[in-house]
Every structure is written in structure tokens, then in C-alpha cells.
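Asks: model_19.cif is the file, holding mmCIF, C-alpha atoms:
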```cif
data_upload
loop_
_atom_site.group_PDB
_atom_site.id
_atom_site.type_symbol
_atom_site.label_atom_id
_atom_site.label_comp_id
_atom_site.auth_asym_id
_atom_site.auth_seq_id
_atom_site.Cartn_x
_atom_site.Cartn_y
_atom_site.Cartn_z
ATOM 1 C CA MET A 1 18.583 -12.354 -20.710
ATOM 2 C CA ASN A 2 19.325 -9.180 -22.463
ATOM 3 C CA ARG A 3 18.346 -6.248 -20.217
ATOM 4 C CA ALA A 4 18.690 -2.630 -21.152
ATOM 5 C CA ARG A 5 21.400 -0.962 -19.145
ATOM 6 C CA ARG A 6 20.471 2.070 -17.125
ATOM 7 C CA PRO A 7 22.721 5.081 -17.330
ATOM 8 C CA PRO A 8 24.875 5.557 -14.270
ATOM 9 C CA PRO A 9 23.481 7.971 -11.638
ATOM 10 C CA ILE A 10 24.665 11.543 -11.871
ATOM 11 C CA ASN A 11 26.988 12.585 -9.114
ATOM 12 C CA PRO A 12 26.052 16.166 -8.128
ATOM 13 C CA SER A 13 29.642 16.995 -7.267
ATOM 14 C CA THR A 14 30.871 16.155 -10.782
ATOM 15 C CA ASN A 15 27.965 17.782 -12.648
ATOM 16 C CA THR A 16 29.385 20.748 -14.562
ATOM 17 C CA ASN A 17 26.003 22.153 -15.631
ATOM 18 C CA PRO A 18 23.796 22.411 -12.505
ATOM 19 C CA ILE A 19 20.201 23.564 -12.760
ATOM 20 C CA GLN A 20 19.895 27.163 -11.682
ATOM 21 C CA GLN A 21 17.768 27.671 -8.589
ATOM 22 C CA PRO A 22 15.214 30.472 -8.362
ATOM 23 C CA PRO A 23 16.545 33.574 -6.613
ATOM 24 C CA HIS A 24 14.369 33.163 -3.515
ATOM 25 C CA SER A 25 15.809 29.763 -2.623
ATOM 26 C CA SER A 26 19.525 30.281 -3.202
ATOM 27 C CA GLY A 27 21.977 32.972 -2.301
ATOM 28 C CA THR A 28 20.805 35.954 -0.316
ATOM 29 C CA PRO A 29 17.084 36.069 0.330
ATOM 30 C CA LEU A 30 15.095 38.853 -1.294
ATOM 31 C CA GLN A 31 13.823 41.510 1.063
ATOM 32 C CA GLY A 32 10.097 41.456 1.822
ATOM 33 C CA LEU A 33 9.343 37.809 1.044
ATOM 34 C CA ARG A 34 7.898 35.649 3.783
ATOM 35 C CA THR A 35 9.626 32.373 4.416
ATOM 36 C CA LYS A 36 6.749 30.892 6.455
ATOM 37 C CA LEU A 37 2.974 31.164 6.624
ATOM 38 C CA ASP A 38 1.587 32.924 9.649
ATOM 39 C CA PRO A 39 -1.096 30.618 11.128
ATOM 40 C CA GLU A 40 -2.941 33.658 12.482
ATOM 41 C CA GLN A 41 -3.600 34.841 8.919
ATOM 42 C CA ILE A 42 -5.206 31.583 7.774
ATOM 43 C CA PRO A 43 -9.004 31.746 8.148
ATOM 44 C CA SER A 44 -10.458 29.114 10.444
ATOM 45 C CA THR A 45 -13.472 27.316 9.028
ATOM 46 C CA ALA A 46 -14.382 26.122 12.531
ATOM 47 C CA ILE A 47 -14.535 29.702 13.824
ATOM 48 C CA GLN A 48 -16.524 30.826 10.757
ATOM 49 C CA PHE A 49 -18.981 27.952 11.151
ATOM 50 C CA ALA A 50 -19.433 28.658 14.875
ATOM 51 C CA ALA A 51 -20.096 32.351 14.167
ATOM 52 C CA GLU A 52 -22.576 31.351 11.460
ATOM 53 C CA GLU A 53 -24.423 28.962 13.784
ATOM 54 C CA ASP A 54 -24.542 31.629 16.477
ATOM 55 C CA ARG A 55 -25.942 34.222 14.069
ATOM 56 C CA TRP A 56 -28.677 32.038 12.568
ATOM 57 C CA SER A 57 -29.738 30.682 15.967
ATOM 58 C CA LYS A 58 -30.631 34.264 16.966
ATOM 59 C CA GLU A 59 -32.197 35.636 13.766
ATOM 60 C CA SER A 60 -34.183 34.437 10.772
ATOM 61 C CA TYR A 61 -32.950 34.601 7.199
ATOM 62 C CA LEU A 62 -35.148 36.968 5.161
ATOM 63 C CA THR A 63 -35.288 36.174 1.452
ATOM 64 C CA VAL A 64 -35.478 39.882 0.543
ATOM 65 C CA GLY A 65 -32.828 42.188 1.895
ATOM 66 C CA ASN A 66 -29.093 42.476 2.106
ATOM 67 C CA GLN A 67 -28.274 39.756 4.640
ATOM 68 C CA PRO A 68 -25.465 37.402 3.669
ATOM 69 C CA VAL A 69 -26.647 33.987 2.542
ATOM 70 C CA PRO A 70 -26.215 31.295 5.210
ATOM 71 C CA LEU A 71 -23.512 28.706 4.593
ATOM 72 C CA SER A 72 -24.791 25.543 2.951
ATOM 73 C CA ALA A 73 -24.172 23.475 6.104
ATOM 74 C CA SER A 74 -25.857 25.989 8.447
ATOM 75 C CA GLU A 75 -29.178 25.359 10.115
ATOM 76 C CA TYR A 76 -31.378 28.428 9.811
ATOM 77 C CA HIS A 77 -34.982 29.562 9.821
ATOM 78 C CA ALA A 78 -35.981 31.229 6.548
ATOM 79 C CA ILE A 79 -38.888 33.602 6.009
ATOM 80 C CA ASP A 80 -40.151 33.471 2.425
ATOM 81 C CA GLN A 81 -40.798 37.000 1.150
ATOM 82 C CA GLY A 82 -41.250 36.122 -2.506
ATOM 83 C CA ASN A 83 -37.702 35.057 -3.349
ATOM 84 C CA SER A 84 -36.523 31.478 -3.017
ATOM 85 C CA THR A 85 -34.577 30.472 0.059
ATOM 86 C CA PRO A 86 -31.051 29.055 -0.394
ATOM 87 C CA ARG A 87 -32.476 25.616 0.401
ATOM 88 C CA PHE A 88 -34.059 25.556 -3.076
ATOM 89 C CA LEU A 89 -31.676 27.708 -5.161
ATOM 90 C CA ARG A 90 -28.034 28.270 -4.191
ATOM 91 C CA PRO A 91 -25.608 30.081 -6.511
ATOM 92 C CA THR A 92 -21.988 28.992 -6.761
ATOM 93 C CA ILE A 93 -20.900 32.587 -6.056
ATOM 94 C CA TYR A 94 -22.531 35.076 -3.696
ATOM 95 C CA ALA A 95 -21.864 38.265 -5.681
ATOM 96 C CA ILE A 96 -23.076 37.884 -9.259
ATOM 97 C CA PRO A 97 -21.168 40.127 -11.701
ATOM 98 C CA SER A 98 -23.286 42.981 -13.062
ATOM 99 C CA SER A 99 -22.111 42.611 -16.675
ATOM 100 C CA SER A 100 -20.923 39.880 -19.012
ATOM 101 C CA ASP A 101 -17.556 41.686 -19.365
ATOM 102 C CA LEU A 102 -17.019 41.517 -15.613
ATOM 103 C CA GLN A 103 -18.077 37.856 -15.593
ATOM 104 C CA SER A 104 -15.519 37.110 -18.324
ATOM 105 C CA ALA A 105 -12.777 39.004 -16.503
ATOM 106 C CA THR A 106 -13.292 37.127 -13.217
ATOM 107 C CA HIS A 107 -13.025 33.661 -14.803
ATOM 108 C CA VAL A 108 -15.285 32.329 -12.034
ATOM 109 C CA PRO A 109 -17.988 29.989 -13.325
ATOM 110 C CA LEU A 110 -21.542 30.883 -12.391
ATOM 111 C CA GLY A 111 -23.933 28.079 -11.652
ATOM 112 C CA ILE A 112 -27.006 27.470 -9.544
ATOM 113 C CA HIS A 113 -27.622 24.338 -7.505
ATOM 114 C CA VAL A 114 -31.357 23.667 -7.800
ATOM 115 C CA THR A 115 -33.040 21.498 -5.162
ATOM 116 C CA PRO A 116 -36.792 21.824 -5.766
ATOM 117 C CA LEU A 117 -37.752 19.186 -3.186
ATOM 118 C CA ALA A 118 -35.442 20.342 -0.371
ATOM 119 C CA GLN A 119 -36.605 19.668 3.183
ATOM 120 C CA GLN A 120 -37.672 22.780 5.041
ATOM 121 C CA ALA A 121 -37.236 23.340 8.741
ATOM 122 C CA PRO A 122 -40.383 22.239 10.624
ATOM 123 C CA GLU A 123 -41.081 25.762 11.905
ATOM 124 C CA GLU A 124 -40.993 27.314 8.404
ATOM 125 C CA ALA A 125 -44.176 28.073 6.504
ATOM 126 C CA PRO A 126 -44.730 25.803 3.500
ATOM 127 C CA VAL A 127 -44.075 27.171 0.028
ATOM 128 C CA PRO A 128 -47.316 28.793 -1.180
ATOM 129 C CA VAL A 129 -48.834 26.993 -4.153
ATOM 130 C CA ILE A 130 -51.536 28.444 -6.411
ATOM 131 C CA ASP A 131 -53.629 26.218 -8.669
ATOM 132 C CA PHE A 132 -54.085 27.978 -12.005
ATOM 133 C CA GLY A 133 -56.161 25.150 -13.419
ATOM 134 C CA GLU A 134 -55.620 23.527 -16.798
ATOM 135 C CA ASP A 135 -54.249 26.706 -18.410
ATOM 136 C CA GLY A 136 -51.331 26.854 -15.993
ATOM 137 C CA PRO A 137 -49.779 30.081 -14.715
ATOM 138 C CA PRO A 138 -50.026 33.161 -16.935
ATOM 139 C CA ARG A 139 -46.967 33.935 -19.046
ATOM 140 C CA CYS A 140 -45.667 37.164 -20.504
ATOM 141 C CA THR A 141 -46.926 37.711 -24.050
ATOM 142 C CA ASN A 142 -43.593 39.143 -25.197
ATOM 143 C CA SER A 143 -42.180 36.393 -27.461
ATOM 144 C CA GLU A 144 -38.623 37.136 -26.304
ATOM 145 C CA CYS A 145 -39.521 36.933 -22.599
ATOM 146 C CA ARG A 146 -42.277 34.386 -21.882
ATOM 147 C CA SER A 147 -41.645 34.613 -18.122
ATOM 148 C CA TYR A 148 -44.247 33.428 -15.643
ATOM 149 C CA ILE A 149 -46.235 35.781 -13.456
ATOM 150 C CA ASN A 150 -44.433 36.186 -10.132
ATOM 151 C CA PRO A 151 -44.586 38.240 -6.924
ATOM 152 C CA TRP A 152 -42.526 41.038 -8.496
ATOM 153 C CA CYS A 153 -44.984 41.810 -11.339
ATOM 154 C CA THR A 154 -47.117 44.944 -10.914
ATOM 155 C CA TRP A 155 -50.784 45.365 -11.596
ATOM 156 C CA GLU A 156 -52.689 48.166 -13.281
ATOM 157 C CA GLY A 157 -56.260 48.855 -14.280
ATOM 158 C CA GLY A 158 -57.697 47.302 -11.131
ATOM 159 C CA GLY A 159 -56.289 43.891 -11.955
ATOM 160 C CA LEU A 160 -57.102 43.891 -15.672
ATOM 161 C CA ARG A 161 -53.440 44.038 -16.721
ATOM 162 C CA TRP A 162 -50.095 43.032 -15.227
ATOM 163 C CA ILE A 163 -46.677 44.378 -16.117
ATOM 164 C CA CYS A 164 -43.819 41.907 -16.476
ATOM 165 C CA ASN A 165 -40.992 42.733 -14.089
ATOM 166 C CA LEU A 166 -38.384 41.293 -16.483
ATOM 167 C CA CYS A 167 -39.194 42.971 -19.809
ATOM 168 C CA GLY A 168 -41.830 45.602 -18.936
ATOM 169 C CA ALA A 169 -44.498 44.233 -21.306
ATOM 170 C CA THR A 170 -48.137 44.826 -20.392
ATOM 171 C CA ASN A 171 -50.196 41.616 -20.309
ATOM 172 C CA ASP A 172 -53.901 40.937 -20.010
ATOM 173 C CA GLY A 173 -54.770 39.742 -16.542
ATOM 174 C CA ARG A 174 -57.568 37.530 -15.400
ATOM 175 C CA TYR A 175 -59.403 39.355 -12.659
ATOM 176 C CA ARG A 176 -59.335 36.320 -10.366
ATOM 177 C CA LEU A 177 -55.496 36.578 -10.208
ATOM 178 C CA TYR A 178 -55.575 40.080 -8.786
#
```
Have the structure of the file written as C-alpha cells, please.

Replies:
Amino acid sequence: MNRARRPPPINPSTNTNPIQQPPHSSGTPLQGLRTKLDPEQIPSTAIQFAAEEDRWSKESYLTVGNQPVPLSASEYHAIDQGNSTPRFLRPTIYAIPSSSDLQSATHVPLGIHVTPLAQQAPEEAPVPVIDFGEDGPPRCTNSECRSYINPWCTWEGGGLRWICNLCGATNDGRYRLY
């Protein structure tokens, strides 16, 4: 059998061209660098989860306001105030950048996990459903918007018109909606 011969192993003591080591691992250590991690500075997920459970066992999550969003594994009671609860829509980041430039600079992808049939807690009120009939829910007449009527639209003219909260267009309203 003709086998290829391996080169002999390199003896570190006879190597005349050693690989240079980075300055922090050879010679005198640089001032100010930590050599070890301090366990006290590492956040504990168990402590965070326990604090989260304690908080949401005492108060309800309001869908409008400036409360932090409960962790995805937390059990909480949500009060629907017109915005979706995190059970149905959960963003991948909690602070959405205010401009596309800021979004590009952060390099953090933005996504939304949509769970339209999520199970609600038994004590929560069901999601309100309105039957708009065969026509379906009214939509904004602005061809660039076409959003659906929602709790954040405003009414004028005693319910004859509604103003889209996304683009500001005035739309004809059916009186029965008001």
C-alpha cells in the first residue's frame, strides 16, 4: 500500500518563527482589563422571571399605557383597551426605532410574531367582534392607505364621517357604526 506520508510534527522548541500572541495574553498585562467575569454582573434570568411573575400576579397588563410588556413566558391578566395584547402580537424588540435611519443603524431586525388564535386567560374578557355584514369593515378611501376602521379613528358630523388615524383622510361613515 502506498500511503501519503504526513509531515513530522513541529517541535515548539525548535520553531524559529512562533506565532505572535496578542498583547493581553503574553508579557505584562495591560492595565484596566479584566481577567475574569464577575458573576455578580451577569443578569440572572431566574431572578428576572421571579420579579416578572411577582409583578403580574399583583397587577393587570393594560394594552394602552407605558407599562413594560410582560415576558413571553409570563402568566398575566390583560385588559384590552383597543390595542392588541402581547398574546396576539409580540414584536421582536420592545423599543421600535422612530426612523428608518435609526433602524438601519441598530442592525436589529424588526419582526412581529402573530398568533391570532392565542388562548386567553379564563378571567380575561373575550376579544370584541363586530359583524359588518357582507360589505365587511369600512376601509379608508385614500388609495395609499386603505386601512380598516379601528378604535383610534375619530368621528365628526354626528357619525356621518370618520377620520382615519393613519393618514388623516375623511371617510363617509354609515350612521349605524357611530

Asks: Applying 8 Å and only C-alpha atoms, which residues near range 55-59 of chain A remain after dropping the ones on its own chain fewer than 2 positions away? List them as a PyMOL selection string.

Replies: chain A and resi 51-53+61+70+74-77

Asks: Looking at all atoms listed in the file, which of A:Pro116, A:Gly168, A:Pro128, A:Gly158 is the one that sits closest to Asn142 in chain A?

Replies: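 Comparing A:Pro116, A:Gly168, A:Pro128, A:Gly158 against Asn142 in chain A, the winner is A:Gly168.
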
Asks: Excluding Cys140 in chain A and its own-chain neighbours fewer than 3 positions away, which residues fall within 10 Å of it when counting all atoms listed in the file? Please give them as a ChimeraX atom specification.

Replies: /A:143-149,162-172

Asks: Using only C-alpha atoms, find the one residue out of A:Cys153, A:Leu71, A:Leu117, A:Val108 that sits nearest to Gln48 in chain A.

Replies: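 Among the listed residues, A:Leu71 lies closest to Gln48 in chain A.
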
Asks: Mind giving me the straight-line distance from CA of Arg161 in chain A to CA of Arg174 in chain A in Å, one decimal?

Replies: 7.8 Å

Asks: So, with all atoms listed in the file as the atoms that count, which of A:Thr92, A:Ser44, A:Thr63, A:Asn150 lies closest to Pro138 in chain A?

Replies: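 Of A:Thr92, A:Ser44, A:Thr63, A:Asn150, the one nearest Pro138 in chain A is A:Asn150, counting all atoms listed in the file.
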
Asks: Can you tell me how far CA of Val127 in chain A sits from CA of Pro86 in chain A, in Å to one decimal?

Replies: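 Calculated distance between CA of Val127 in chain A and CA of Pro86 in chain A is 13.2 Å.
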
Asks: So how many Å separate CA of Leu62 in chain A and CA of Ile79 in chain A, to one decimal?

Replies: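 Taking CA of Leu62 in chain A and CA of Ile79 in chain A, their separation equals 5.1 Å.
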
Asks: Given the file shown, enumerate the residues that the PyMOL selection byres ((chain A and resi 83) around 9) captures and present them as a list of chain:residue names.

Replies: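 Selected by the PyMOL selection byres ((chain A and resi 83) around 9) here: A:Thr63, A:Val64, A:Asp80, A:Gln81, A:Gly82, A:Ser84, A:Thr85, A:Pro151.
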
Asks: Measuring atom to atom with all atoms listed in the file, identify which of A:Glu40, A:Ser60, A:Gly159, A:Ala95 is nearest to Glu123 in chain A.

Replies: A:Ser60

Asks: Using all heavy atoms, give me range 47-59 of chain A from the structure I just pasted, as a PDB file, in the first residue's frame.

Replies:
```pdb
ATOM      1  N   ILE A  47     -33.957  35.340  38.483  1.00  0.00           N
ATOM      2  CA  ILE A  47     -34.385  36.478  39.307  1.00  0.00           C
ATOM      3  C   ILE A  47     -35.332  37.367  38.509  1.00  0.00           C
ATOM      4  O   ILE A  47     -36.361  37.819  39.019  1.00  0.00           O
ATOM      5  CB  ILE A  47     -33.158  37.267  39.808  1.00  0.00           C
ATOM      6  CG1 ILE A  47     -32.365  36.415  40.799  1.00  0.00           C
ATOM      7  CG2 ILE A  47     -33.564  38.587  40.430  1.00  0.00           C
ATOM      8  CD1 ILE A  47     -31.032  37.009  41.197  1.00  0.00           C
ATOM      9  N   GLN A  48     -35.009  37.606  37.235  1.00  0.00           N
ATOM     10  CA  GLN A  48     -35.870  38.435  36.377  1.00  0.00           C
ATOM     11  C   GLN A  48     -37.244  37.797  36.211  1.00  0.00           C
ATOM     12  O   GLN A  48     -38.267  38.462  36.298  1.00  0.00           O
ATOM     13  CB  GLN A  48     -35.210  38.640  35.016  1.00  0.00           C
ATOM     14  CG  GLN A  48     -36.058  39.383  34.012  1.00  0.00           C
ATOM     15  CD  GLN A  48     -36.309  40.817  34.392  1.00  0.00           C
ATOM     16  OE1 GLN A  48     -35.509  41.427  35.076  1.00  0.00           O
ATOM     17  NE2 GLN A  48     -37.430  41.360  33.962  1.00  0.00           N
ATOM     18  N   PHE A  49     -37.275  36.483  36.000  1.00  0.00           N
ATOM     19  CA  PHE A  49     -38.551  35.797  35.820  1.00  0.00           C
ATOM     20  C   PHE A  49     -39.371  35.836  37.105  1.00  0.00           C
ATOM     21  O   PHE A  49     -40.589  36.050  37.066  1.00  0.00           O
ATOM     22  CB  PHE A  49     -38.315  34.349  35.368  1.00  0.00           C
ATOM     23  CG  PHE A  49     -39.573  33.651  34.974  1.00  0.00           C
ATOM     24  CD1 PHE A  49     -40.222  33.954  33.792  1.00  0.00           C
ATOM     25  CD2 PHE A  49     -40.139  32.695  35.800  1.00  0.00           C
ATOM     26  CE1 PHE A  49     -41.399  33.325  33.435  1.00  0.00           C
ATOM     27  CE2 PHE A  49     -41.310  32.057  35.458  1.00  0.00           C
ATOM     28  CZ  PHE A  49     -41.939  32.364  34.270  1.00  0.00           C
ATOM     29  N   ALA A  50     -38.727  35.659  38.251  1.00  0.00           N
ATOM     30  CA  ALA A  50     -39.440  35.711  39.532  1.00  0.00           C
ATOM     31  C   ALA A  50     -40.015  37.103  39.777  1.00  0.00           C
ATOM     32  O   ALA A  50     -41.156  37.239  40.238  1.00  0.00           O
ATOM     33  CB  ALA A  50     -38.510  35.314  40.671  1.00  0.00           C
ATOM     34  N   ALA A  51     -39.247  38.145  39.460  1.00  0.00           N
ATOM     35  CA  ALA A  51     -39.747  39.515  39.620  1.00  0.00           C
ATOM     36  C   ALA A  51     -40.922  39.771  38.685  1.00  0.00           C
ATOM     37  O   ALA A  51     -41.895  40.441  39.047  1.00  0.00           O
ATOM     38  CB  ALA A  51     -38.616  40.506  39.352  1.00  0.00           C
ATOM     39  N   GLU A  52     -40.835  39.225  37.486  1.00  0.00           N
ATOM     40  CA  GLU A  52     -41.911  39.380  36.494  1.00  0.00           C
ATOM     41  C   GLU A  52     -43.187  38.682  36.973  1.00  0.00           C
ATOM     42  O   GLU A  52     -44.281  39.234  36.899  1.00  0.00           O
ATOM     43  CB  GLU A  52     -41.415  38.787  35.179  1.00  0.00           C
ATOM     44  CG  GLU A  52     -42.264  39.068  34.006  1.00  0.00           C
ATOM     45  CD  GLU A  52     -42.064  40.455  33.430  1.00  0.00           C
ATOM     46  OE1 GLU A  52     -41.211  41.221  33.882  1.00  0.00           O
ATOM     47  OE2 GLU A  52     -42.822  40.783  32.508  1.00  0.00           O
ATOM     48  N   GLU A  53     -43.053  37.467  37.466  1.00  0.00           N
ATOM     49  CA  GLU A  53     -44.210  36.730  37.983  1.00  0.00           C
ATOM     50  C   GLU A  53     -44.841  37.471  39.159  1.00  0.00           C
ATOM     51  O   GLU A  53     -46.064  37.559  39.273  1.00  0.00           O
ATOM     52  CB  GLU A  53     -43.795  35.317  38.410  1.00  0.00           C
ATOM     53  CG  GLU A  53     -43.486  34.392  37.267  1.00  0.00           C
ATOM     54  CD  GLU A  53     -44.716  34.064  36.437  1.00  0.00           C
ATOM     55  OE1 GLU A  53     -45.783  33.799  37.007  1.00  0.00           O
ATOM     56  OE2 GLU A  53     -44.592  34.085  35.208  1.00  0.00           O
ATOM     57  N   ASP A  54     -44.002  38.003  40.030  1.00  0.00           N
ATOM     58  CA  ASP A  54     -44.498  38.740  41.186  1.00  0.00           C
ATOM     59  C   ASP A  54     -45.272  39.980  40.742  1.00  0.00           C
ATOM     60  O   ASP A  54     -46.350  40.265  41.247  1.00  0.00           O
ATOM     61  CB  ASP A  54     -43.323  39.129  42.093  1.00  0.00           C
ATOM     62  CG  ASP A  54     -43.788  39.827  43.360  1.00  0.00           C
ATOM     63  OD1 ASP A  54     -44.703  39.288  44.027  1.00  0.00           O
ATOM     64  OD2 ASP A  54     -43.258  40.913  43.676  1.00  0.00           O
ATOM     65  N   ARG A  55     -44.718  40.705  39.767  1.00  0.00           N
ATOM     66  CA  ARG A  55     -45.384  41.922  39.296  1.00  0.00           C
ATOM     67  C   ARG A  55     -46.748  41.617  38.685  1.00  0.00           C
ATOM     68  O   ARG A  55     -47.739  42.253  38.996  1.00  0.00           O
ATOM     69  CB  ARG A  55     -44.514  42.633  38.269  1.00  0.00           C
ATOM     70  CG  ARG A  55     -45.219  43.845  37.703  1.00  0.00           C
ATOM     71  CD  ARG A  55     -44.466  44.519  36.618  1.00  0.00           C
ATOM     72  NE  ARG A  55     -45.208  45.714  36.239  1.00  0.00           N
ATOM     73  CZ  ARG A  55     -44.672  46.769  35.725  1.00  0.00           C
ATOM     74  NH1 ARG A  55     -43.384  46.809  35.523  1.00  0.00           N
ATOM     75  NH2 ARG A  55     -45.423  47.792  35.403  1.00  0.00           N
ATOM     76  N   TRP A  56     -46.798  40.640  37.757  1.00  0.00           N
ATOM     77  CA  TRP A  56     -48.042  40.398  37.034  1.00  0.00           C
ATOM     78  C   TRP A  56     -49.054  39.605  37.852  1.00  0.00           C
ATOM     79  O   TRP A  56     -50.205  39.492  37.465  1.00  0.00           O
ATOM     80  CB  TRP A  56     -47.756  39.737  35.695  1.00  0.00           C
ATOM     81  CG  TRP A  56     -46.938  40.637  34.819  1.00  0.00           C
ATOM     82  CD1 TRP A  56     -45.710  40.375  34.315  1.00  0.00           C
ATOM     83  CD2 TRP A  56     -47.269  41.961  34.384  1.00  0.00           C
ATOM     84  NE1 TRP A  56     -45.258  41.452  33.593  1.00  0.00           N
ATOM     85  CE2 TRP A  56     -46.192  42.440  33.626  1.00  0.00           C
ATOM     86  CE3 TRP A  56     -48.355  42.806  34.573  1.00  0.00           C
ATOM     87  CZ2 TRP A  56     -46.171  43.698  33.040  1.00  0.00           C
ATOM     88  CZ3 TRP A  56     -48.339  44.070  33.995  1.00  0.00           C
ATOM     89  CH2 TRP A  56     -47.263  44.498  33.243  1.00  0.00           C
ATOM     90  N   SER A  57     -48.648  39.065  39.003  1.00  0.00           N
ATOM     91  CA  SER A  57     -49.634  38.439  39.889  1.00  0.00           C
ATOM     92  C   SER A  57     -50.380  39.498  40.695  1.00  0.00           C
ATOM     93  O   SER A  57     -51.461  39.253  41.212  1.00  0.00           O
ATOM     94  CB  SER A  57     -48.962  37.436  40.829  1.00  0.00           C
ATOM     95  OG  SER A  57     -48.113  38.108  41.736  1.00  0.00           O
ATOM     96  N   LYS A  58     -49.796  40.707  40.789  1.00  0.00           N
ATOM     97  CA  LYS A  58     -50.400  41.784  41.577  1.00  0.00           C
ATOM     98  C   LYS A  58     -51.140  42.815  40.733  1.00  0.00           C
ATOM     99  O   LYS A  58     -51.995  43.519  41.245  1.00  0.00           O
ATOM    100  CB  LYS A  58     -49.316  42.512  42.371  1.00  0.00           C
ATOM    101  CG  LYS A  58     -48.639  41.655  43.404  1.00  0.00           C
ATOM    102  CD  LYS A  58     -47.511  42.400  44.068  1.00  0.00           C
ATOM    103  CE  LYS A  58     -46.778  41.504  45.046  1.00  0.00           C
ATOM    104  NZ  LYS A  58     -45.566  42.153  45.573  1.00  0.00           N
ATOM    105  N   GLU A  59     -50.796  42.958  39.459  1.00  0.00           N
ATOM    106  CA  GLU A  59     -51.432  43.970  38.622  1.00  0.00           C
ATOM    107  C   GLU A  59     -51.756  43.409  37.249  1.00  0.00           C
ATOM    108  O   GLU A  59     -51.176  42.423  36.821  1.00  0.00           O
ATOM    109  CB  GLU A  59     -50.547  45.214  38.496  1.00  0.00           C
ATOM    110  CG  GLU A  59     -49.231  44.994  37.813  1.00  0.00           C
ATOM    111  CD  GLU A  59     -48.394  46.264  37.736  1.00  0.00           C
ATOM    112  OE1 GLU A  59     -48.695  47.104  36.879  1.00  0.00           O
ATOM    113  OE2 GLU A  59     -47.460  46.389  38.532  1.00  0.00           O
TER     114      GLU A  59
END
```
